[in-house]
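Undergrad: To be precise about what I am sending: the file is called query.cif and holds mmCIF, C-alpha atoms and all ligand atoms.
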```
data_coords
loop_
_atom_site.label_atom_id
_atom_site.label_comp_id
_atom_site.auth_asym_id
_atom_site.auth_seq_id
_atom_site.Cartn_x
_atom_site.Cartn_y
_atom_site.Cartn_z
CA MET Q 1 -19.12 40.37 15.00
CA SER Q 2 -15.49 40.45 13.86
CA VAL Q 3 -13.50 37.25 13.58
CA GLY Q 4 -9.92 36.96 14.74
CA GLU Q 5 -7.29 36.28 12.14
CA TRP Q 6 -3.57 35.81 12.50
CA THR Q 7 -0.96 35.56 9.79
CA VAL Q 8 2.42 34.12 10.62
CA HIS Q 9 5.48 34.85 8.52
CA ALA Q 10 8.69 32.99 9.17
CA ARG Q 11 11.75 32.33 7.13
CA LEU Q 12 13.84 29.23 6.93
CA ASP Q 13 17.39 29.96 5.93
CA VAL Q 14 18.91 26.86 4.38
CA SER Q 15 22.51 26.27 3.59
CA TYR Q 16 24.27 23.01 3.08
CA ARG Q 17 27.61 21.82 1.85
CA VAL Q 18 28.52 19.41 -0.91
CA ALA Q 19 32.23 18.66 -0.93
CA GLU Q 20 34.67 16.39 -2.66
CA ALA Q 21 36.25 14.16 -0.06
CA PRO Q 22 38.78 11.85 -1.70
CA GLY Q 23 40.14 9.23 0.68
CA LEU Q 24 37.06 9.63 2.87
CA LEU Q 25 37.64 6.40 4.81
CA ALA Q 26 41.39 6.74 5.17
CA PRO Q 27 41.98 6.56 8.94
CA GLY Q 28 43.59 10.00 9.08
CA ASP Q 29 41.01 11.83 6.98
CA ARG Q 30 38.91 14.32 8.88
CA ALA Q 31 36.00 15.16 6.59
CA LEU Q 32 33.54 12.54 7.84
CA ALA Q 33 34.64 12.89 11.45
CA ARG Q 34 33.94 16.61 11.29
CA ALA Q 35 30.59 16.27 9.51
CA ALA Q 36 29.33 13.49 11.79
CA ARG Q 37 30.94 14.91 14.95
CA LEU Q 38 32.78 11.73 15.76
CA GLU Q 39 34.23 12.39 19.18
CA PRO Q 40 35.52 9.59 21.40
CA GLY Q 41 32.56 7.65 22.78
CA ALA Q 42 30.09 9.13 20.24
CA ARG Q 43 27.48 6.60 19.10
CA ARG Q 44 26.19 7.21 15.59
CA LEU Q 45 23.44 5.56 13.62
CA VAL Q 46 25.03 4.63 10.29
CA VAL Q 47 22.55 3.40 7.70
CA VAL Q 48 24.53 1.71 5.01
CA ASP Q 49 23.80 -0.08 1.75
CA GLN Q 50 24.30 -3.83 2.35
CA ARG Q 51 26.53 -4.25 -0.69
CA VAL Q 52 28.62 -1.23 0.30
CA LEU Q 53 29.01 -2.69 3.77
CA GLU Q 54 30.28 -5.96 2.27
CA LEU Q 55 32.75 -4.12 0.06
CA HIS Q 56 33.84 -1.19 2.22
CA GLY Q 57 32.66 -2.16 5.73
CA ALA Q 58 36.09 -3.02 7.12
CA ARG Q 59 37.37 0.48 6.24
CA LEU Q 60 34.24 2.09 7.67
CA ARG Q 61 34.57 0.23 10.98
CA ALA Q 62 38.29 1.01 11.17
CA TYR Q 63 37.56 4.70 10.54
CA PHE Q 64 35.15 4.86 13.49
CA ALA Q 65 37.53 2.80 15.67
CA ALA Q 66 40.36 5.23 14.96
CA ARG Q 67 38.20 7.94 16.54
CA GLN Q 68 36.93 5.75 19.36
CA ALA Q 69 33.45 6.37 18.03
CA VAL Q 70 30.84 3.63 17.88
CA PRO Q 71 28.93 3.01 14.63
CA HIS Q 72 25.51 1.47 15.12
CA LEU Q 73 25.21 -0.10 11.67
CA LEU Q 74 21.89 -0.70 9.98
CA ALA Q 75 22.49 -2.47 6.65
CA LEU Q 76 19.73 -2.29 4.06
CA PRO Q 77 19.68 -3.66 0.51
CA GLY Q 78 19.88 -1.19 -2.37
CA GLY Q 79 17.11 -1.07 -4.95
CA GLU Q 80 13.62 0.40 -5.06
CA ARG Q 81 12.10 -2.30 -2.85
CA THR Q 82 13.93 -0.80 0.12
CA LYS Q 83 12.31 2.62 -0.38
CA THR Q 84 9.19 1.88 1.69
CA VAL Q 85 7.39 3.20 4.74
CA ALA Q 86 8.19 -0.09 6.51
CA THR Q 87 11.94 0.44 6.06
CA LEU Q 88 11.52 4.04 7.14
CA GLU Q 89 10.05 2.74 10.42
CA GLN Q 90 13.00 0.40 10.73
CA VAL Q 91 15.35 3.40 10.60
CA VAL Q 92 13.26 5.13 13.27
CA ARG Q 93 13.38 2.02 15.50
CA GLU Q 94 17.16 1.90 15.20
CA ALA Q 95 17.42 5.62 15.96
CA ASP Q 96 15.48 4.99 19.18
CA GLN Q 97 17.73 2.07 20.07
CA VAL Q 98 20.86 4.13 19.63
CA GLY Q 99 19.31 6.80 21.84
CA LEU Q 100 20.13 9.61 19.39
CA ALA Q 101 20.22 13.05 20.95
CA ARG Q 102 18.36 15.84 19.17
CA ARG Q 103 21.37 17.10 17.21
CA ASP Q 104 23.25 13.84 16.65
CA PRO Q 105 23.56 13.38 12.89
CA ILE Q 106 22.51 10.15 11.22
CA VAL Q 107 25.02 8.97 8.61
CA ALA Q 108 23.74 7.56 5.30
CA VAL Q 109 26.19 5.63 3.15
CA GLY Q 110 24.84 4.24 -0.10
CA GLY Q 111 23.09 4.98 -3.37
CA GLY Q 112 20.12 7.22 -4.05
CA VAL Q 113 17.75 4.75 -2.47
CA LEU Q 114 19.57 4.88 0.83
CA THR Q 115 20.11 8.64 0.93
CA ASP Q 116 16.49 9.37 -0.10
CA LEU Q 117 15.17 7.00 2.58
CA VAL Q 118 17.45 8.17 5.38
CA GLY Q 119 16.80 11.78 4.42
CA LEU Q 120 13.07 11.29 4.88
CA ALA Q 121 13.58 9.45 8.16
CA ALA Q 122 15.85 12.26 9.37
CA SER Q 123 13.36 14.94 8.37
CA LEU Q 124 10.60 13.19 10.32
CA TYR Q 125 12.54 12.01 13.36
CA ARG Q 126 11.84 14.50 16.14
CA ARG Q 127 10.55 16.77 13.34
CA GLY Q 128 14.01 17.13 11.93
CA THR Q 129 17.32 15.54 12.76
CA PRO Q 130 20.55 16.37 10.93
CA PHE Q 131 22.12 13.83 8.66
CA VAL Q 132 25.23 13.33 6.57
CA ARG Q 133 25.22 11.83 3.08
CA VAL Q 134 27.98 9.71 1.65
CA PRO Q 135 26.75 8.75 -1.83
CA THR Q 136 28.36 5.62 -3.24
CA THR Q 137 26.74 5.49 -6.70
CA LEU Q 138 27.13 7.88 -9.61
CA VAL Q 139 23.41 8.74 -9.47
CA GLY Q 140 23.90 9.63 -5.82
CA MET Q 141 26.99 11.74 -6.43
CA VAL Q 142 25.64 13.87 -9.27
CA ASP Q 143 21.94 13.93 -8.46
CA ALA Q 144 20.16 12.17 -5.59
CA ALA Q 145 22.53 13.20 -2.80
CA VAL Q 146 23.25 16.79 -3.84
CA GLY Q 147 19.73 18.24 -3.77
CA ALA Q 148 17.19 18.70 -1.00
CA LYS Q 149 14.61 16.05 -1.83
CA THR Q 150 13.98 12.94 0.23
CA ALA Q 151 11.42 10.22 -0.43
CA VAL Q 152 10.04 6.73 -0.19
CA ASN Q 153 7.71 5.04 -2.65
CA ALA Q 154 4.09 4.48 -1.57
CA GLN Q 155 0.75 3.44 -3.04
CA GLY Q 156 2.56 1.92 -6.00
CA GLN Q 157 3.94 5.36 -6.89
CA LYS Q 158 7.54 6.41 -6.96
CA ASN Q 159 8.56 8.97 -4.35
CA ARG Q 160 4.93 9.50 -3.29
CA LEU Q 161 5.96 10.47 0.24
CA GLY Q 162 8.84 12.84 0.71
CA SER Q 163 10.15 16.08 2.02
CA TYR Q 164 12.75 18.75 1.39
CA HIS Q 165 15.50 18.16 3.92
CA PRO Q 166 19.05 18.49 2.62
CA ALA Q 167 21.90 16.97 4.56
CA ALA Q 168 24.13 19.57 6.17
CA ASP Q 169 27.08 17.78 4.59
CA THR Q 170 27.37 15.60 1.52
CA LEU Q 171 30.79 14.07 1.03
CA LEU Q 172 31.82 12.82 -2.39
CA ASP Q 173 34.48 10.16 -2.74
CA ARG Q 174 34.67 8.89 -6.31
CA SER Q 175 36.67 5.84 -5.23
CA PHE Q 176 33.38 4.17 -4.22
CA LEU Q 177 32.63 3.98 -7.95
CA SER Q 178 35.45 1.48 -8.42
CA THR Q 179 33.16 -1.29 -7.15
CA LEU Q 180 29.96 -0.13 -8.84
CA SER Q 181 28.64 -2.15 -11.80
CA LEU Q 182 29.04 -0.61 -15.24
CA ARG Q 183 25.29 -0.66 -15.68
CA HIS Q 184 24.94 1.61 -12.67
CA ILE Q 185 27.73 3.84 -13.96
CA ARG Q 186 25.76 4.24 -17.21
CA ASN Q 187 22.67 4.89 -15.15
CA GLY Q 188 24.36 7.88 -13.53
CA MET Q 189 25.80 9.04 -16.85
CA ALA Q 190 22.22 9.66 -18.04
CA GLU Q 191 21.83 12.43 -15.46
CA ILE Q 192 25.17 13.91 -16.50
CA VAL Q 193 24.16 13.89 -20.17
CA LYS Q 194 20.95 15.60 -19.07
CA MET Q 195 22.84 18.50 -17.48
CA ALA Q 196 25.07 18.78 -20.54
CA VAL Q 197 22.17 18.98 -22.99
CA ILE Q 198 20.11 21.54 -21.10
CA ASP Q 199 22.86 23.64 -19.56
CA ASP Q 200 26.46 23.04 -20.49
CA ALA Q 201 27.71 22.61 -24.05
CA VAL Q 202 31.31 22.34 -22.82
CA LEU Q 203 30.30 19.38 -20.64
CA PHE Q 204 28.63 17.86 -23.68
CA ASP Q 205 31.89 18.15 -25.64
CA LEU Q 206 33.82 16.54 -22.79
CA LEU Q 207 31.40 13.62 -22.74
CA ASP Q 208 31.45 13.38 -26.50
CA ALA Q 209 35.25 13.24 -26.54
CA ASP Q 210 35.51 10.44 -24.01
CA ALA Q 211 32.19 8.64 -23.52
CA GLU Q 212 33.37 5.03 -23.60
CA GLU Q 213 36.51 5.66 -21.52
CA LEU Q 214 34.57 7.60 -18.90
CA VAL Q 215 32.19 4.67 -18.45
CA THR Q 216 34.73 1.85 -18.41
CA GLY Q 217 37.14 3.88 -16.28
CA ARG Q 218 34.28 4.63 -13.85
CA LEU Q 219 35.13 8.35 -13.97
CA ALA Q 220 38.29 7.70 -11.99
CA GLY Q 221 40.76 10.05 -13.73
CA PRO Q 222 40.99 13.82 -14.18
CA ALA Q 223 38.48 13.78 -17.06
CA GLY Q 224 35.99 12.04 -14.76
CA ARG Q 225 36.60 14.63 -12.05
CA GLU Q 226 36.03 17.48 -14.49
CA VAL Q 227 32.85 15.91 -15.83
CA MET Q 228 31.46 15.35 -12.35
CA ARG Q 229 32.40 18.84 -11.19
CA ARG Q 230 30.68 20.46 -14.14
CA ALA Q 231 27.56 18.28 -13.76
CA ILE Q 232 27.25 19.03 -10.03
CA THR Q 233 27.93 22.74 -10.55
CA ALA Q 234 25.19 22.95 -13.17
CA MET Q 235 22.78 20.88 -11.07
CA LEU Q 236 23.25 23.02 -7.96
CA ALA Q 237 22.95 26.24 -9.98
CA HIS Q 238 19.50 25.05 -11.09
CA LEU Q 239 18.42 23.77 -7.68
CA GLU Q 240 19.56 26.66 -5.49
CA PRO Q 241 17.12 29.35 -6.68
CA ASN Q 242 14.22 26.89 -6.67
CA LEU Q 243 15.04 24.50 -3.82
CA TRP Q 244 11.40 23.97 -2.80
CA GLU Q 245 10.22 23.78 -6.39
CA GLN Q 246 7.87 26.73 -6.18
CA ASP Q 247 8.54 27.14 -9.89
CA LEU Q 248 7.43 23.95 -11.62
CA ARG Q 249 9.21 24.87 -14.87
CA ARG Q 250 12.40 23.00 -14.07
CA ALA Q 251 15.06 22.42 -16.70
CA VAL Q 252 16.43 19.59 -14.55
CA ASP Q 253 13.18 17.75 -15.30
CA PHE Q 254 14.53 17.15 -18.82
CA GLY Q 255 14.26 13.38 -19.23
CA HIS Q 256 11.65 13.18 -16.47
CA THR Q 257 8.41 13.88 -18.36
CA PHE Q 258 7.74 10.54 -20.06
CA GLY Q 259 10.49 8.72 -18.15
CA PRO Q 260 8.67 8.03 -14.86
CA ALA Q 261 5.75 6.22 -16.56
CA VAL Q 262 8.11 4.20 -18.73
CA GLU Q 263 10.22 3.33 -15.69
CA MET Q 264 7.22 2.17 -13.63
CA ALA Q 265 5.73 0.17 -16.50
CA ALA Q 266 9.04 -1.54 -17.20
CA GLN Q 267 9.58 -2.73 -13.60
CA PRO Q 268 11.34 -4.77 -12.60
CA GLY Q 269 14.27 -4.39 -14.87
CA MET Q 270 14.62 -0.80 -16.01
CA LEU Q 271 16.86 1.61 -14.15
CA HIS Q 272 15.95 5.26 -13.64
CA GLY Q 273 18.73 6.56 -15.91
CA GLU Q 274 17.65 4.23 -18.70
CA ALA Q 275 14.16 5.71 -18.59
CA VAL Q 276 15.66 9.20 -18.50
CA ALA Q 277 17.70 8.38 -21.62
CA LEU Q 278 14.60 7.19 -23.51
CA ASP Q 279 12.78 10.36 -22.53
CA MET Q 280 15.69 12.59 -23.57
CA ALA Q 281 15.87 10.88 -26.97
CA LEU Q 282 12.16 11.45 -27.53
CA CYS Q 283 12.36 15.07 -26.37
CA CYS Q 284 15.20 15.68 -28.83
CA ALA Q 285 12.90 14.41 -31.59
CA ILE Q 286 10.12 16.72 -30.36
CA ALA Q 287 12.61 19.60 -30.35
CA VAL Q 288 13.61 18.81 -33.94
CA ASP Q 289 9.95 18.83 -34.99
CA GLN Q 290 9.42 22.16 -33.21
CA GLY Q 291 12.41 23.72 -34.97
CA LEU Q 292 14.31 24.12 -31.70
CA LEU Q 293 17.12 21.67 -32.27
CA ALA Q 294 19.04 21.02 -35.47
CA GLU Q 295 18.82 17.44 -36.65
CA VAL Q 296 22.58 17.17 -36.55
CA ASP Q 297 22.57 18.07 -32.83
CA ALA Q 298 19.74 15.66 -32.06
CA ARG Q 299 21.78 12.94 -33.70
CA ARG Q 300 24.80 13.90 -31.60
CA VAL Q 301 22.72 13.43 -28.45
CA LEU Q 302 21.39 10.06 -29.63
CA ARG Q 303 24.88 8.95 -30.56
CA LEU Q 304 26.28 10.00 -27.17
CA LEU Q 305 23.53 8.14 -25.31
CA HIS Q 306 24.14 5.06 -27.41
CA ARG Q 307 27.91 5.19 -26.95
CA THR Q 308 27.37 5.55 -23.22
CA GLY Q 309 25.42 2.30 -23.34
CA LEU Q 310 22.01 3.83 -22.72
CA PRO Q 311 18.84 2.98 -24.65
CA VAL Q 312 17.21 5.48 -27.01
CA ARG Q 313 14.19 3.48 -28.14
CA HIS Q 314 11.83 1.12 -26.30
CA ALA Q 315 8.65 -0.75 -27.10
CA LEU Q 316 6.78 1.31 -24.48
CA GLY Q 317 7.53 4.50 -26.38
CA GLU Q 318 4.35 4.45 -28.45
CA PRO Q 319 2.14 7.51 -28.87
CA ASP Q 320 -0.86 6.43 -26.76
CA PHE Q 321 1.29 5.40 -23.83
CA LEU Q 322 3.36 8.57 -24.15
CA TRP Q 323 0.25 10.73 -24.14
CA GLU Q 324 -0.89 9.07 -20.90
CA ALA Q 325 2.57 9.65 -19.46
CA LEU Q 326 2.45 13.32 -20.41
CA THR Q 327 -1.00 13.65 -18.84
CA GLU Q 328 0.32 12.26 -15.53
CA SER Q 329 3.37 14.55 -15.62
CA THR Q 330 1.09 17.50 -16.31
CA ARG Q 331 -0.84 16.68 -13.11
CA HIS Q 332 2.47 16.60 -11.24
CA ARG Q 333 3.24 20.05 -12.68
CA ASP Q 334 -0.03 21.47 -11.45
CA GLY Q 335 -1.88 21.30 -14.75
CA ARG Q 336 0.79 22.67 -17.07
CA GLN Q 337 2.95 20.55 -19.37
CA HIS Q 338 6.20 22.43 -18.77
CA VAL Q 339 8.10 19.92 -20.91
CA PRO Q 340 11.80 20.84 -20.95
CA LEU Q 341 13.20 20.67 -24.47
CA PRO Q 342 16.70 21.39 -25.73
CA ALA Q 343 17.00 24.57 -27.77
CA GLY Q 344 20.37 23.73 -29.23
CA ILE Q 345 22.84 21.87 -27.06
CA GLY Q 346 23.35 23.61 -23.73
CA LYS Q 347 20.03 25.51 -23.61
CA CYS Q 348 16.52 24.67 -22.50
CA VAL Q 349 13.02 25.94 -23.25
CA PHE Q 350 9.62 24.67 -22.12
CA ALA Q 351 6.74 23.37 -24.22
CA ASP Q 352 3.24 23.81 -22.86
CA ALA Q 353 0.97 22.93 -25.75
CA LEU Q 354 2.08 19.57 -27.09
CA THR Q 355 -0.70 17.54 -28.69
CA ALA Q 356 -1.15 13.81 -29.24
CA ALA Q 357 -0.40 14.48 -32.92
CA ASP Q 358 2.92 16.09 -31.92
CA LEU Q 359 3.84 12.92 -30.06
CA ARG Q 360 2.91 10.71 -33.02
CA ARG Q 361 5.10 12.83 -35.25
CA ALA Q 362 7.95 12.81 -32.72
CA VAL Q 363 7.93 9.02 -32.54
CA ARG Q 364 8.27 8.89 -36.33
CA THR Q 365 11.06 11.48 -36.22
CA LEU Q 366 12.86 9.54 -33.49
CA ASP Q 367 12.63 6.32 -35.48
CA ARG Q 368 14.06 8.09 -38.50
CA LEU Q 369 16.96 9.61 -36.53
CA VAL Q 370 17.72 6.33 -34.78
CA GLU Q 371 17.78 4.56 -38.12
CA ALA Q 372 19.99 7.24 -39.63
CA GLU Q 373 22.46 6.67 -36.79
CA GLY Q 374 22.38 2.93 -37.42
CA ILE Q 375 21.34 2.24 -33.85
CA THR Q 376 19.71 -1.15 -33.75
CA ARG Q 377 18.74 -1.75 -30.13
N1 LIG E 1 16.46 12.96 -4.22
C1 LIG E 1 16.65 13.20 -5.50
O1 LIG E 1 16.66 14.36 -5.93
C2 LIG E 1 16.90 12.06 -6.43
C3 LIG E 1 17.46 12.31 -7.69
C4 LIG E 1 17.74 11.21 -8.52
C5 LIG E 1 17.44 9.93 -8.09
N2 LIG E 1 16.88 9.73 -6.86
C6 LIG E 1 16.56 8.39 -6.40
O2 LIG E 1 17.75 7.60 -6.35
C7 LIG E 1 17.38 6.24 -6.47
C8 LIG E 1 18.35 5.55 -7.41
O3 LIG E 1 19.63 5.66 -6.88
P1 LIG E 1 20.78 4.62 -7.28
O4 LIG E 1 20.80 4.48 -8.73
O5 LIG E 1 21.99 5.06 -6.56
O6 LIG E 1 20.22 3.23 -6.73
P2 LIG E 1 20.55 2.33 -5.46
O7 LIG E 1 20.68 3.15 -4.24
O8 LIG E 1 19.55 1.24 -5.46
O9 LIG E 1 21.99 1.72 -5.81
C9 LIG E 1 22.15 0.96 -6.98
C10 LIG E 1 22.81 -0.40 -6.70
O10 LIG E 1 24.19 -0.21 -6.46
C11 LIG E 1 24.60 -0.87 -5.26
N3 LIG E 1 25.71 -0.07 -4.77
C12 LIG E 1 25.67 1.16 -4.22
N4 LIG E 1 26.91 1.66 -4.05
C13 LIG E 1 27.76 0.72 -4.51
C14 LIG E 1 29.17 0.65 -4.62
N5 LIG E 1 29.96 1.68 -4.29
N6 LIG E 1 29.73 -0.49 -5.11
C15 LIG E 1 28.94 -1.52 -5.51
N7 LIG E 1 27.60 -1.50 -5.44
C16 LIG E 1 27.01 -0.39 -4.95
C17 LIG E 1 23.36 -0.93 -4.42
O11 LIG E 1 23.40 -2.00 -3.51
C18 LIG E 1 22.29 -1.14 -5.48
O12 LIG E 1 22.19 -2.50 -5.81
C19 LIG E 1 15.94 6.20 -6.97
O13 LIG E 1 15.12 5.74 -5.95
C20 LIG E 1 15.63 7.65 -7.32
O14 LIG E 1 14.29 7.98 -7.10
C21 LIG E 1 16.63 10.76 -6.04
#
```
Could I get this file's structure written as structure tokens?

TA:
Amino acid sequence: MSVGEWTVHARLDVSYRVAEAPGLLAPGDRALARAARLEPGARRLVVVDQRVLELHGARLRAYFAARQAVPHLLALPGGERTKTVATLEQVVREADQVGLARRDPIVAVGGGVLTDLVGLAASLYRRGTPFVRVPTTLVGMVDAAVGAKTAVNAQGQKNRLGSYHPAADTLLDRSFLSTLSLRHIRNGMAEIVKMAVIDDAVLFDLLDADAEELVTGRLAGPAGREVMRRAITAMLAHLEPNLWEQDLRRAVDFGHTFGPAVEMAAQPGMLHGEAVALDMALCCAIAVDQGLLAEVDARRVLRLLHRTGLPVRHALGEPDFLWEALTESTRHRDGRQHVPLPAGIGKCVFADALTAADLRRAVRTLDRLVEAEGITR
């Protein structure tokens, strides 16, 4: 007897917009009003980082008032402890209370924690509700809020539950960075250095020319704008052809092979970008050992990271721990190592056959390079 079988093919066409929006909360500015459809009487769920609400809340409220729209504010603390299923349910409860209609966008204003969390809530609420991202940290502006990924942490694992659900609009206003701590500026700089090393040698030169000023000036001037534009352009060029990560060989995973294990083991206390910096330093050493990167270029990368105020060496970076970290990343990459390594500055290749001996050698190489640069911490 024959059995019935049906195959369904459907396509999902995705497009979304990431746009600079200087003066986003100026009463006359239209970018947010357009993205969030703020008509008179419109009620909008606005999930906002608590600290951002303290610092910028008056302007946010005035912006809505100028349009006779009503913000239903849910303030949540930044930081990883907010990225939970329980907080996700809190967002859902608030969405119910506001009585959101099917196409009413939720507005997320905050760092990567907030936009990841709200993105997941939006993707689950009624199986998909639109949302608008207003990133207020450098990590958000150049990384977390420009891609498609959403997540919360679960089962003691980072980003264990998530989805691909980009916001229709992401609005970037660098002026939010004026109130961000320098440590969090440096944290975001790690992701910018990442894009420079694997994709954009010109960006690397710009960073190299101005590292300290970019950090202390919180990327406020024209050099900061240029750096951010180049980093976002490179990031989106890598994400667009592989938005759902069907290809697990991702250059943008540079810094994210050993980094996640280091970051988890060093909690609380280590920021994501700091772990990324440690991983990038190690991968430069591996690349030197493999003959992919000249020692002089590896030292340039280490020097740039150090000048940016990021760490390049940590007690957790020992061969046994690193081997475990690589094993876990390999599981995440479906059984292949796919370790992004710089092949000169501005190019990336993938290693798939690293051994424990390679890691032991790389640690020695890294120590030697760090010493040669006179980096002591
Ligand atoms: N979806 C992705 O593709 C992606 C990519 C990279 C990172 N992420 C995620 O992003 C998260 C990290 O993001 P983050 O570094 O923005 O952390 P965060 O959201 O916790 O913000 C960092 C800190 O800055 C504060 N803050 C935010 N904006 C501020 C402002 N304008 N002024 C003063 N203080 C401000 C917050 O209260 C918080 O204390 C991680 O959970 C990471 O997994 C996601």

Undergrad: Excluding Q:Gly188 and any residue of its chain fewer than 2 positions from it, enumerate the residues within 7 Å of it, using only C-alpha atoms, and give them as a list in words.

TA: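 Counting only the stated atoms, we get Leu138, Val139, His184, Ile185, Arg186, Ala190, Glu191, Ile192 and Gly273 of chain Q.
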
Undergrad: Set the distance at 10 Å and use all atoms listed in the file: which residues neighbour stretch 85-96 of chain Q once local chain neighbours fewer than 4 positions away are removed? I'd like the list as a ChimeraX atom specification.

TA: /Q:44-47,72-74,76,81,100-101,106,117-122,124-126,151-154,161

Undergrad: Write the residues of the selection above to a file with C-alpha atoms, as a compact mmCIF listing (two decimals), keeping the file's coordinate frame.

TA:
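So the final result, stored in selection-v8.txt, reads:
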```txt
# COMPACT_ATOMS: atom_id res chain seq x y z
CA ARG Q 44 26.19 7.21 15.59
CA LEU Q 45 23.44 5.56 13.62
CA VAL Q 46 25.03 4.63 10.29
CA VAL Q 47 22.55 3.40 7.70
CA HIS Q 72 25.51 1.47 15.12
CA LEU Q 73 25.21 -0.10 11.67
CA LEU Q 74 21.89 -0.70 9.98
CA LEU Q 76 19.73 -2.29 4.06
CA ARG Q 81 12.10 -2.30 -2.85
CA LEU Q 100 20.13 9.61 19.39
CA ALA Q 101 20.22 13.05 20.95
CA ILE Q 106 22.51 10.15 11.22
CA LEU Q 117 15.17 7.00 2.58
CA VAL Q 118 17.45 8.17 5.38
CA GLY Q 119 16.80 11.78 4.42
CA LEU Q 120 13.07 11.29 4.88
CA ALA Q 121 13.58 9.45 8.16
CA ALA Q 122 15.85 12.26 9.37
CA LEU Q 124 10.60 13.19 10.32
CA TYR Q 125 12.54 12.01 13.36
CA ARG Q 126 11.84 14.50 16.14
CA ALA Q 151 11.42 10.22 -0.43
CA VAL Q 152 10.04 6.73 -0.19
CA ASN Q 153 7.71 5.04 -2.65
CA ALA Q 154 4.09 4.48 -1.57
CA LEU Q 161 5.96 10.47 0.24
```

Undergrad: Just the residues within 9 Å of stretch 297-314 of chain Q, please, counting all atoms listed in the file, with nothing from its chain fewer than 4 positions along; format it as a ChimeraX atom specification.

TA: /Q:183,186-187,189-190,193,197,204,207-208,211-212,214-215,262,273-275,277-282,284-285,287-288,293,318,344-345,366-367,369-370,372-373,375,377

Undergrad: Now that the selection is made, can you save its residues with C-alpha atoms as a PDB file, keeping the file's coordinate frame?

TA:
```pdb
ATOM      1  CA  ARG Q 183      25.290  -0.660 -15.680  1.00  0.00           C
ATOM      2  CA  ARG Q 186      25.760   4.240 -17.210  1.00  0.00           C
ATOM      3  CA  ASN Q 187      22.670   4.890 -15.150  1.00  0.00           C
ATOM      4  CA  MET Q 189      25.800   9.040 -16.850  1.00  0.00           C
ATOM      5  CA  ALA Q 190      22.220   9.660 -18.040  1.00  0.00           C
ATOM      6  CA  VAL Q 193      24.160  13.890 -20.170  1.00  0.00           C
ATOM      7  CA  VAL Q 197      22.170  18.980 -22.990  1.00  0.00           C
ATOM      8  CA  PHE Q 204      28.630  17.860 -23.680  1.00  0.00           C
ATOM      9  CA  LEU Q 207      31.400  13.620 -22.740  1.00  0.00           C
ATOM     10  CA  ASP Q 208      31.450  13.380 -26.500  1.00  0.00           C
ATOM     11  CA  ALA Q 211      32.190   8.640 -23.520  1.00  0.00           C
ATOM     12  CA  GLU Q 212      33.370   5.030 -23.600  1.00  0.00           C
ATOM     13  CA  LEU Q 214      34.570   7.600 -18.900  1.00  0.00           C
ATOM     14  CA  VAL Q 215      32.190   4.670 -18.450  1.00  0.00           C
ATOM     15  CA  VAL Q 262       8.110   4.200 -18.730  1.00  0.00           C
ATOM     16  CA  GLY Q 273      18.730   6.560 -15.910  1.00  0.00           C
ATOM     17  CA  GLU Q 274      17.650   4.230 -18.700  1.00  0.00           C
ATOM     18  CA  ALA Q 275      14.160   5.710 -18.590  1.00  0.00           C
ATOM     19  CA  ALA Q 277      17.700   8.380 -21.620  1.00  0.00           C
ATOM     20  CA  LEU Q 278      14.600   7.190 -23.510  1.00  0.00           C
ATOM     21  CA  ASP Q 279      12.780  10.360 -22.530  1.00  0.00           C
ATOM     22  CA  MET Q 280      15.690  12.590 -23.570  1.00  0.00           C
ATOM     23  CA  ALA Q 281      15.870  10.880 -26.970  1.00  0.00           C
ATOM     24  CA  LEU Q 282      12.160  11.450 -27.530  1.00  0.00           C
ATOM     25  CA  CYS Q 284      15.200  15.680 -28.830  1.00  0.00           C
ATOM     26  CA  ALA Q 285      12.900  14.410 -31.590  1.00  0.00           C
ATOM     27  CA  ALA Q 287      12.610  19.600 -30.350  1.00  0.00           C
ATOM     28  CA  VAL Q 288      13.610  18.810 -33.940  1.00  0.00           C
ATOM     29  CA  LEU Q 293      17.120  21.670 -32.270  1.00  0.00           C
ATOM     30  CA  GLU Q 318       4.350   4.450 -28.450  1.00  0.00           C
ATOM     31  CA  GLY Q 344      20.370  23.730 -29.230  1.00  0.00           C
ATOM     32  CA  ILE Q 345      22.840  21.870 -27.060  1.00  0.00           C
ATOM     33  CA  LEU Q 366      12.860   9.540 -33.490  1.00  0.00           C
ATOM     34  CA  ASP Q 367      12.630   6.320 -35.480  1.00  0.00           C
ATOM     35  CA  LEU Q 369      16.960   9.610 -36.530  1.00  0.00           C
ATOM     36  CA  VAL Q 370      17.720   6.330 -34.780  1.00  0.00           C
ATOM     37  CA  ALA Q 372      19.990   7.240 -39.630  1.00  0.00           C
ATOM     38  CA  GLU Q 373      22.460   6.670 -36.790  1.00  0.00           C
ATOM     39  CA  ILE Q 375      21.340   2.240 -33.850  1.00  0.00           C
ATOM     40  CA  ARG Q 377      18.740  -1.750 -30.130  1.00  0.00           C
TER      41      ARG Q 377
END
```

Undergrad: Which centre and edge lengths in Å to one decimal define the box along x, y and z that fits every listed atom of ligand LIG 1 (chain E) plus 3 Å per side, as AutoDock Vina command-line options?

TA:
```
--center_x 22.1 --center_y 5.9 --center_z -6.1 --size_x 21.7 --size_y 22.9 --size_z 11.2
```

Undergrad: Excluding Q:Gly110 and any residue of its chain fewer than 5 positions from it, enumerate the residues within 8 Å of it, using only C-alpha atoms, and give them as a compact mmCIF listing (two decimals) with C-alpha atoms, keeping the file's coordinate frame.

TA:
```txt
# COMPACT_ATOMS: atom_id res chain seq x y z
CA VAL Q 48 24.53 1.71 5.01
CA ASP Q 49 23.80 -0.08 1.75
CA VAL Q 52 28.62 -1.23 0.30
CA GLY Q 78 19.88 -1.19 -2.37
CA THR Q 115 20.11 8.64 0.93
CA VAL Q 134 27.98 9.71 1.65
CA PRO Q 135 26.75 8.75 -1.83
CA THR Q 136 28.36 5.62 -3.24
CA THR Q 137 26.74 5.49 -6.70
CA GLY Q 140 23.90 9.63 -5.82
```
